[in-house]
file start32.cif (mmCIF, C-alpha atoms)
data_coords
#
loop_
_atom_site.label_atom_id
_atom_site.label_comp_id
_atom_site.auth_asym_id
_atom_site.auth_seq_id
_atom_site.Cartn_x
_atom_site.Cartn_y
_atom_site.Cartn_z
CA MET A 1 -87.75 125.44 98.33
CA GLY A 2 -88.85 127.66 95.44
CA ALA A 3 -91.46 127.14 92.78
CA ALA A 4 -93.30 123.87 92.40
CA CYS A 5 -91.61 121.37 90.16
CA ASN A 6 -93.37 119.87 87.15
CA PHE A 7 -92.36 116.22 87.47
CA ARG A 8 -92.51 113.92 84.46
CA ILE A 9 -91.80 110.19 84.22
CA GLY A 10 -90.36 108.46 81.15
CA HIS A 11 -89.95 104.84 80.13
CA GLY A 12 -87.52 103.44 77.56
CA TYR A 13 -86.90 100.03 76.02
CA ASP A 14 -84.35 98.80 73.53
CA VAL A 15 -83.16 95.49 72.12
CA HIS A 16 -80.23 94.47 69.94
CA ARG A 17 -79.06 91.17 68.47
CA LEU A 18 -75.65 89.77 69.46
CA ALA A 19 -73.19 89.33 66.59
CA GLU A 20 -69.61 88.23 65.97
CA GLY A 21 -67.01 90.88 65.23
CA ARG A 22 -68.59 93.63 67.36
CA ASP A 23 -67.50 95.11 70.69
CA LEU A 24 -69.95 94.75 73.56
CA ILE A 25 -70.62 98.25 74.89
CA LEU A 26 -73.08 98.71 77.76
CA GLY A 27 -73.51 101.99 79.59
CA GLY A 28 -70.45 103.29 77.77
CA VAL A 29 -68.26 100.46 79.11
CA LYS A 30 -66.49 98.00 76.81
CA ILE A 31 -67.13 94.55 78.27
CA PRO A 32 -64.93 91.58 77.37
CA TYR A 33 -67.10 89.10 75.51
CA GLU A 34 -66.87 87.08 72.28
CA ARG A 35 -69.79 88.93 70.68
CA GLY A 36 -71.17 92.44 70.68
CA LEU A 37 -74.48 94.09 69.94
CA LEU A 38 -75.43 94.74 66.32
CA GLY A 39 -76.68 98.19 65.35
CA HIS A 40 -76.06 101.35 63.35
CA SER A 41 -74.29 103.06 66.26
CA ASP A 42 -72.30 101.24 68.93
CA ALA A 43 -75.63 99.50 69.77
CA ASP A 44 -75.37 100.31 73.49
CA VAL A 45 -78.78 98.91 74.44
CA LEU A 46 -78.59 100.36 77.97
CA ALA A 47 -77.78 103.90 76.82
CA HIS A 48 -80.49 103.71 74.15
CA ALA A 49 -83.18 102.70 76.65
CA ILE A 50 -82.13 105.52 78.98
CA MET A 51 -82.17 108.13 76.20
CA ASP A 52 -85.64 107.01 75.12
CA ALA A 53 -86.86 107.28 78.73
CA LEU A 54 -85.46 110.81 79.03
CA LEU A 55 -86.88 111.94 75.70
CA GLY A 56 -90.21 110.30 76.44
CA ALA A 57 -90.52 112.06 79.78
CA ALA A 58 -90.05 115.39 78.01
CA ALA A 59 -92.39 114.39 75.14
CA MET A 60 -89.51 114.91 72.69
CA GLY A 61 -89.85 111.69 70.70
CA ASP A 62 -87.16 109.03 70.71
CA ILE A 63 -83.57 108.47 69.61
CA GLY A 64 -84.68 107.12 66.23
CA HIS A 65 -86.18 110.55 65.55
CA LEU A 66 -83.08 112.49 66.69
CA PHE A 67 -80.40 110.08 65.42
CA PRO A 68 -81.96 108.05 62.58
CA ASP A 69 -80.13 104.97 61.33
CA SER A 70 -80.62 106.31 57.82
CA ASP A 71 -78.12 109.10 58.62
CA GLU A 72 -74.50 108.07 58.09
CA ARG A 73 -73.36 110.65 60.69
CA TRP A 74 -74.51 108.23 63.40
CA ARG A 75 -72.84 105.06 61.99
CA GLY A 76 -70.68 103.65 64.78
CA ALA A 77 -71.56 106.59 67.05
CA ASP A 78 -70.63 106.46 70.73
CA SER A 79 -74.01 106.33 72.47
CA LEU A 80 -72.75 108.36 75.43
CA VAL A 81 -71.93 111.20 73.03
CA LEU A 82 -75.54 110.96 71.86
CA MET A 83 -76.69 110.90 75.51
CA ARG A 84 -74.75 114.12 76.20
CA ALA A 85 -76.55 115.69 73.24
CA VAL A 86 -79.97 114.52 74.50
CA CYS A 87 -79.29 116.06 77.91
CA GLY A 88 -77.36 119.17 76.89
CA GLU A 89 -79.02 120.11 73.62
CA HIS A 90 -82.60 119.00 74.22
CA LEU A 91 -83.53 118.56 77.89
CA ALA A 92 -81.49 121.35 79.51
CA PRO A 93 -82.49 124.10 77.04
CA ALA A 94 -86.15 123.16 77.64
CA GLY A 95 -85.60 123.68 81.38
CA TYR A 96 -85.56 120.03 82.44
CA ARG A 97 -83.23 118.50 84.99
CA ILE A 98 -82.95 114.78 85.63
CA VAL A 99 -83.95 113.67 89.12
CA ASN A 100 -83.01 110.01 88.72
CA ILE A 101 -82.60 107.11 86.28
CA ASP A 102 -83.28 103.43 87.00
CA ALA A 103 -82.32 100.90 84.32
CA THR A 104 -82.09 97.13 83.89
CA VAL A 105 -80.13 95.12 81.32
CA CYS A 106 -81.42 91.65 80.42
CA ALA A 107 -78.59 89.36 79.30
CA GLN A 108 -77.90 85.69 79.88
CA LYS A 109 -74.12 86.22 79.53
CA PRO A 110 -71.66 87.70 80.36
CA LYS A 111 -71.92 88.51 84.06
CA LEU A 112 -72.30 92.28 84.27
CA ALA A 113 -72.02 92.92 88.03
CA PRO A 114 -68.28 93.80 87.90
CA PHE A 115 -69.01 96.61 85.40
CA ILE A 116 -72.10 98.23 86.90
CA GLY A 117 -70.23 100.83 88.99
CA GLU A 118 -68.37 102.11 85.94
CA MET A 119 -71.58 102.12 83.88
CA ARG A 120 -73.28 104.26 86.53
CA GLU A 121 -70.34 106.69 86.57
CA ARG A 122 -70.24 107.07 82.79
CA ILE A 123 -74.01 107.50 82.44
CA ALA A 124 -74.06 110.05 85.27
CA ALA A 125 -71.21 112.01 83.67
CA ALA A 126 -72.94 112.02 80.26
CA CYS A 127 -76.15 113.31 81.89
CA GLY A 128 -74.43 115.86 84.12
CA MET A 129 -75.60 114.29 87.37
CA ASP A 130 -74.26 112.38 90.39
CA LYS A 131 -73.65 108.64 90.28
CA GLU A 132 -76.06 108.26 93.22
CA GLN A 133 -78.88 109.40 90.90
CA VAL A 134 -78.27 106.51 88.49
CA SER A 135 -79.23 102.90 89.17
CA VAL A 136 -78.18 100.10 86.82
CA LYS A 137 -79.14 96.50 87.39
CA ALA A 138 -78.60 93.33 85.40
CA THR A 139 -80.66 90.17 85.23
CA THR A 140 -80.89 86.98 83.22
CA GLU A 141 -84.10 85.57 81.82
CA GLU A 142 -83.47 82.10 83.22
CA GLY A 143 -82.75 80.77 79.72
CA LEU A 144 -86.09 81.96 78.32
CA GLY A 145 -86.71 84.00 75.16
CA PHE A 146 -84.17 85.63 72.85
CA THR A 147 -82.11 87.05 75.72
CA GLY A 148 -82.13 83.76 77.59
CA SER A 149 -80.96 81.85 74.54
CA GLY A 150 -78.13 84.35 74.02
CA GLU A 151 -79.46 85.75 70.72
CA GLY A 152 -79.54 89.31 72.02
CA MET A 153 -79.85 91.70 74.93
CA SER A 154 -82.53 94.14 76.00
CA ALA A 155 -82.74 97.01 78.45
CA THR A 156 -85.49 98.98 80.11
CA ALA A 157 -85.21 102.33 81.84
CA VAL A 158 -87.38 104.72 83.76
CA CYS A 159 -86.53 108.25 84.70
CA LEU A 160 -87.93 111.19 86.60
CA ILE A 161 -87.30 114.67 85.25
CA CYS A 162 -88.37 118.04 86.58
CA ARG A 163 -88.99 121.51 85.14
CA GLU A 164 -89.42 124.36 87.59
#
call {"tool": "encode", "arguments": {"input": "start32.cif", "output": "structure tokens"}}
result
Amino acid sequence: MGAACNFRIGHGYDVHRLAEGRDLILGGVKIPYERGLLGHSDADVLAHAIMDALLGAAAMGDIGHLFPDSDERWRGADSLVLMRAVCGEHLAPAGYRIVNIDATVCAQKPKLAPFIGEMRERIAAACGMDKEQVSVKATTEEGLGFTGSGEGMSATAVCLICRE
């Protein structure tokens, strides 16, 4: 089996407001909906939570540190391009590999179940891992809070990384 693995767990959270005139992008998938998430990049709340979990596990800060919204290079950025950079330019060179990712999107609408398979595939590809290592779930908040009222969406993610 080789040398012992130094396992590390990370947690990420992100939230964005829904707004007219924006595409809704979750996990790199464009989802048909009348509003999208507002942010400096594509505002992919799911990808942002996952990146923060990965960076947190490696004690490398967060996406705001790597891709600040004060930098025009990141305006409208594809979050999966940023995720590839997190994995390929930060985690991998430091010797980390991702064991698994588990993430949840909180949104009252639209129904996300039909898109989860594609989200898992795109996230796995961006991270250089198998789809079976990525779990994405969606839930409503039963009409409660800002997600329940349809003002915005949030996502949480946990991950396990390893350095041998």
call {"tool": "closest_residue", "arguments": {"input": "start32.cif", "among": "A:Glu121, A:Val86, A:Gly95, A:Cys127", "to": "A:Arg163", "atoms": "all atoms listed in the file"}}
result
A:Gly95
call {"tool": "residues_around", "arguments": {"input": "start32.cif", "residues": "A:His11", "least_positions_apart": "5", "cutoff": "12 Å", "atoms": "all atoms listed in the file", "output": "list in words"}}
result
His48, Ala49, Ile50, Met51, Asp52, Ala53, Leu54, Leu55, Gly56, Ala57, Ala58, Ala59, Gly61, Asp62, Ile101, Asp102, Ala103, Thr104, Ala155, Thr156, Ala157, Val158, Cys159, Leu160 and Ile161 of chain A
call {"tool": "resolve_selection", "arguments": {"input": "start32.cif", "expression": "the PyMOL selection byres ((chain A and resi 17) around 6)", "output": "ChimeraX atom specification"}}
result
/A:16,18,37-38,151-152
call {"tool": "write_last_selection", "arguments": {"input": "start32.cif", "atoms": "C-alpha atoms", "output": "tab-separated table (two decimals), keeping the file's coordinate frame"}}
result
chain	number	residue	atom	x	y	z
A	16	HIS	CA	-80.23	94.47	69.94
A	18	LEU	CA	-75.65	89.77	69.46
A	37	LEU	CA	-74.48	94.09	69.94
A	38	LEU	CA	-75.43	94.74	66.32
A	151	GLU	CA	-79.46	85.75	70.72
A	152	GLY	CA	-79.54	89.31	72.02
call {"tool": "residues_near_point", "arguments": {"input": "start32.cif", "point": "(-80.3, 92.2, 70.4)", "cutoff": "12 Å", "atoms": "only C-alpha atoms", "output": "PyMOL selection string"}}
result
chain A and resi 13-19+24+35-39+43-46+105-108+145-155
call {"tool": "resolve_selection", "arguments": {"input": "start32.cif", "expression": "the PyMOL selection byres ((chain A and resi 117) around 12)", "output": "PDB file with C-alpha atoms, in the coordinates of the input"}}
result
ATOM      1  CA  LEU A  26     -73.080  98.710  77.760  1.00  0.00           C
ATOM      2  CA  GLY A  27     -73.510 101.990  79.590  1.00  0.00           C
ATOM      3  CA  GLY A  28     -70.450 103.290  77.770  1.00  0.00           C
ATOM      4  CA  VAL A  29     -68.260 100.460  79.110  1.00  0.00           C
ATOM      5  CA  LEU A 112     -72.300  92.280  84.270  1.00  0.00           C
ATOM      6  CA  ALA A 113     -72.020  92.920  88.030  1.00  0.00           C
ATOM      7  CA  PRO A 114     -68.280  93.800  87.900  1.00  0.00           C
ATOM      8  CA  PHE A 115     -69.010  96.610  85.400  1.00  0.00           C
ATOM      9  CA  ILE A 116     -72.100  98.230  86.900  1.00  0.00           C
ATOM     10  CA  GLU A 118     -68.370 102.110  85.940  1.00  0.00           C
ATOM     11  CA  MET A 119     -71.580 102.120  83.880  1.00  0.00           C
ATOM     12  CA  ARG A 120     -73.280 104.260  86.530  1.00  0.00           C
ATOM     13  CA  GLU A 121     -70.340 106.690  86.570  1.00  0.00           C
ATOM     14  CA  ARG A 122     -70.240 107.070  82.790  1.00  0.00           C
ATOM     15  CA  ILE A 123     -74.010 107.500  82.440  1.00  0.00           C
ATOM     16  CA  ALA A 124     -74.060 110.050  85.270  1.00  0.00           C
ATOM     17  CA  LYS A 131     -73.650 108.640  90.280  1.00  0.00           C
ATOM     18  CA  GLU A 132     -76.060 108.260  93.220  1.00  0.00           C
ATOM     19  CA  VAL A 134     -78.270 106.510  88.490  1.00  0.00           C
ATOM     20  CA  SER A 135     -79.230 102.900  89.170  1.00  0.00           C
ATOM     21  CA  VAL A 136     -78.180 100.100  86.820  1.00  0.00           C
ATOM     22  CA  LYS A 137     -79.140  96.500  87.390  1.00  0.00           C
ATOM     23  CA  ALA A 138     -78.600  93.330  85.400  1.00  0.00           C
TER      24      ALA A 138
END
call {"tool": "resolve_selection", "arguments": {"input": "start32.cif", "expression": "the PyMOL selection byres ((chain A and resi 85) around 12)", "output": "PyMOL selection string"}}
result
chain A and resi 51+54-55+63+66-67+78-84+86-93+126-128
call {"tool": "atom_distance", "arguments": {"input": "start32.cif", "atom1": "atom CA of A:Gly76", "atom2": "atom CA of A:His40"}}
result
6.0 Å
call {"tool": "atom_distance", "arguments": {"input": "start32.cif", "atom1": "atom CA of A:Ile98", "atom2": "atom CA of A:Pro68"}}
result
24.0 Å
call {"tool": "closest_residue", "arguments": {"input": "start32.cif", "among": "A:Thr140, A:Met60, A:Ala47, A:Met129", "to": "A:Ala94", "atoms": "all atoms listed in the file"}}
result
A:Met60
call {"tool": "atom_distance", "arguments": {"input": "start32.cif", "atom1": "atom CA of A:Trp74", "atom2": "atom CA of A:Ser41"}}
result
5.9 Å
call {"tool": "closest_residue", "arguments": {"input": "start32.cif", "among": "A:Gln133, A:Glu141, A:Asp42, A:Tyr96", "to": "A:Arg22", "atoms": "all atoms listed in the file"}}
result
A:Asp42
call {"tool": "closest_residue", "arguments": {"input": "start32.cif", "among": "A:Leu144, A:Tyr33, A:Val99, A:Arg75", "to": "A:Ile9", "atoms": "only C-alpha atoms"}}
result
A:Val99
call {"tool": "build_atoms", "arguments": {"input": "start32.cif", "residues": "stretch 65-76 of chain A", "atoms": "all heavy atoms", "output": "CSV table (one decimal), keeping the file's coordinate frame"}}
result
chain,number,residue,atom,x,y,z
A,65,HIS,N,-85.8,109.3,66.1
A,65,HIS,CA,-86.2,110.6,65.6
A,65,HIS,C,-85.0,111.5,65.5
A,65,HIS,O,-84.7,112.2,64.5
A,65,HIS,CB,-87.3,111.2,66.4
A,65,HIS,CG,-87.7,112.5,65.9
A,65,HIS,ND1,-88.4,112.8,64.8
A,65,HIS,CD2,-87.5,113.7,66.5
A,65,HIS,CE1,-88.6,114.1,64.7
A,65,HIS,NE2,-88.0,114.7,65.7
A,66,LEU,N,-84.2,111.6,66.6
A,66,LEU,CA,-83.1,112.5,66.7
A,66,LEU,C,-81.8,112.0,65.9
A,66,LEU,O,-81.1,112.8,65.4
A,66,LEU,CB,-82.7,112.7,68.1
A,66,LEU,CG,-83.7,113.5,69.0
A,66,LEU,CD1,-83.1,113.7,70.4
A,66,LEU,CD2,-83.9,114.9,68.4
A,67,PHE,N,-81.6,110.7,66.0
A,67,PHE,CA,-80.4,110.1,65.4
A,67,PHE,C,-80.8,108.9,64.5
A,67,PHE,O,-80.5,107.7,64.8
A,67,PHE,CB,-79.5,109.6,66.5
A,67,PHE,CG,-79.2,110.6,67.6
A,67,PHE,CD1,-79.8,110.4,68.9
A,67,PHE,CD2,-78.5,111.8,67.4
A,67,PHE,CE1,-79.6,111.4,69.9
A,67,PHE,CE2,-78.3,112.7,68.4
A,67,PHE,CZ,-78.9,112.5,69.7
A,68,PRO,N,-81.4,109.1,63.4
A,68,PRO,CA,-82.0,108.0,62.6
A,68,PRO,C,-80.8,107.2,62.0
A,68,PRO,O,-79.8,107.7,61.7
A,68,PRO,CB,-82.7,108.8,61.5
A,68,PRO,CG,-82.2,110.2,61.4
A,68,PRO,CD,-81.7,110.5,62.8
A,69,ASP,N,-81.1,105.9,61.9
A,69,ASP,CA,-80.1,105.0,61.3
A,69,ASP,C,-80.0,105.1,59.8
A,69,ASP,O,-79.1,104.5,59.2
A,69,ASP,CB,-80.4,103.5,61.7
A,69,ASP,CG,-81.7,103.0,61.2
A,69,ASP,OD1,-82.4,103.7,60.4
A,69,ASP,OD2,-82.1,101.9,61.6
A,70,SER,N,-80.8,106.0,59.2
A,70,SER,CA,-80.6,106.3,57.8
A,70,SER,C,-79.6,107.4,57.6
A,70,SER,O,-79.2,107.7,56.5
A,70,SER,CB,-82.0,106.7,57.2
A,70,SER,OG,-82.5,107.9,57.9
A,71,ASP,N,-79.1,108.0,58.7
A,71,ASP,CA,-78.1,109.1,58.6
A,71,ASP,C,-76.7,108.5,58.9
A,71,ASP,O,-76.5,108.1,60.0
A,71,ASP,CB,-78.5,110.2,59.6
A,71,ASP,CG,-77.7,111.4,59.5
A,71,ASP,OD1,-76.5,111.4,59.0
A,71,ASP,OD2,-78.2,112.5,59.9
A,72,GLU,N,-75.8,108.6,57.9
A,72,GLU,CA,-74.5,108.1,58.1
A,72,GLU,C,-73.7,108.8,59.2
A,72,GLU,O,-72.7,108.2,59.7
A,72,GLU,CB,-73.8,108.1,56.8
A,72,GLU,CG,-74.2,107.1,55.8
A,72,GLU,CD,-74.1,105.6,56.3
A,72,GLU,OE1,-73.0,105.3,56.7
A,72,GLU,OE2,-75.1,104.9,56.3
A,73,ARG,N,-74.1,110.0,59.6
A,73,ARG,CA,-73.4,110.6,60.7
A,73,ARG,C,-73.4,109.8,62.0
A,73,ARG,O,-72.5,110.0,62.8
A,73,ARG,CB,-74.0,112.0,61.0
A,73,ARG,CG,-73.8,113.1,60.0
A,73,ARG,CD,-74.4,114.4,60.4
A,73,ARG,NE,-75.8,114.2,60.5
A,73,ARG,CZ,-76.6,115.1,61.1
A,73,ARG,NH1,-76.2,116.2,61.6
A,73,ARG,NH2,-77.9,114.9,61.2
A,74,TRP,N,-74.4,109.0,62.1
A,74,TRP,CA,-74.5,108.2,63.4
A,74,TRP,C,-74.0,106.8,63.3
A,74,TRP,O,-74.0,106.1,64.3
A,74,TRP,CB,-76.0,108.2,63.8
A,74,TRP,CG,-76.6,109.6,63.8
A,74,TRP,CD1,-77.7,109.9,63.1
A,74,TRP,CD2,-76.2,110.8,64.4
A,74,TRP,NE1,-78.0,111.2,63.2
A,74,TRP,CE2,-77.0,111.8,64.0
A,74,TRP,CE3,-75.1,111.1,65.2
A,74,TRP,CZ2,-76.9,113.1,64.4
A,74,TRP,CZ3,-74.9,112.4,65.6
A,74,TRP,CH2,-75.8,113.4,65.2
A,75,ARG,N,-73.4,106.4,62.1
A,75,ARG,CA,-72.8,105.1,62.0
A,75,ARG,C,-71.7,104.9,63.0
A,75,ARG,O,-70.7,105.7,63.0
A,75,ARG,CB,-72.4,104.8,60.6
A,75,ARG,CG,-71.8,103.4,60.4
A,75,ARG,CD,-71.5,103.0,59.0
A,75,ARG,NE,-72.7,102.9,58.2
A,75,ARG,CZ,-73.7,102.0,58.2
A,75,ARG,NH1,-73.5,101.0,59.1
A,75,ARG,NH2,-74.7,102.0,57.4
A,76,GLY,N,-71.7,103.9,63.8
A,76,GLY,CA,-70.7,103.6,64.8
A,76,GLY,C,-70.6,104.7,65.9
A,76,GLY,O,-69.6,104.6,66.7
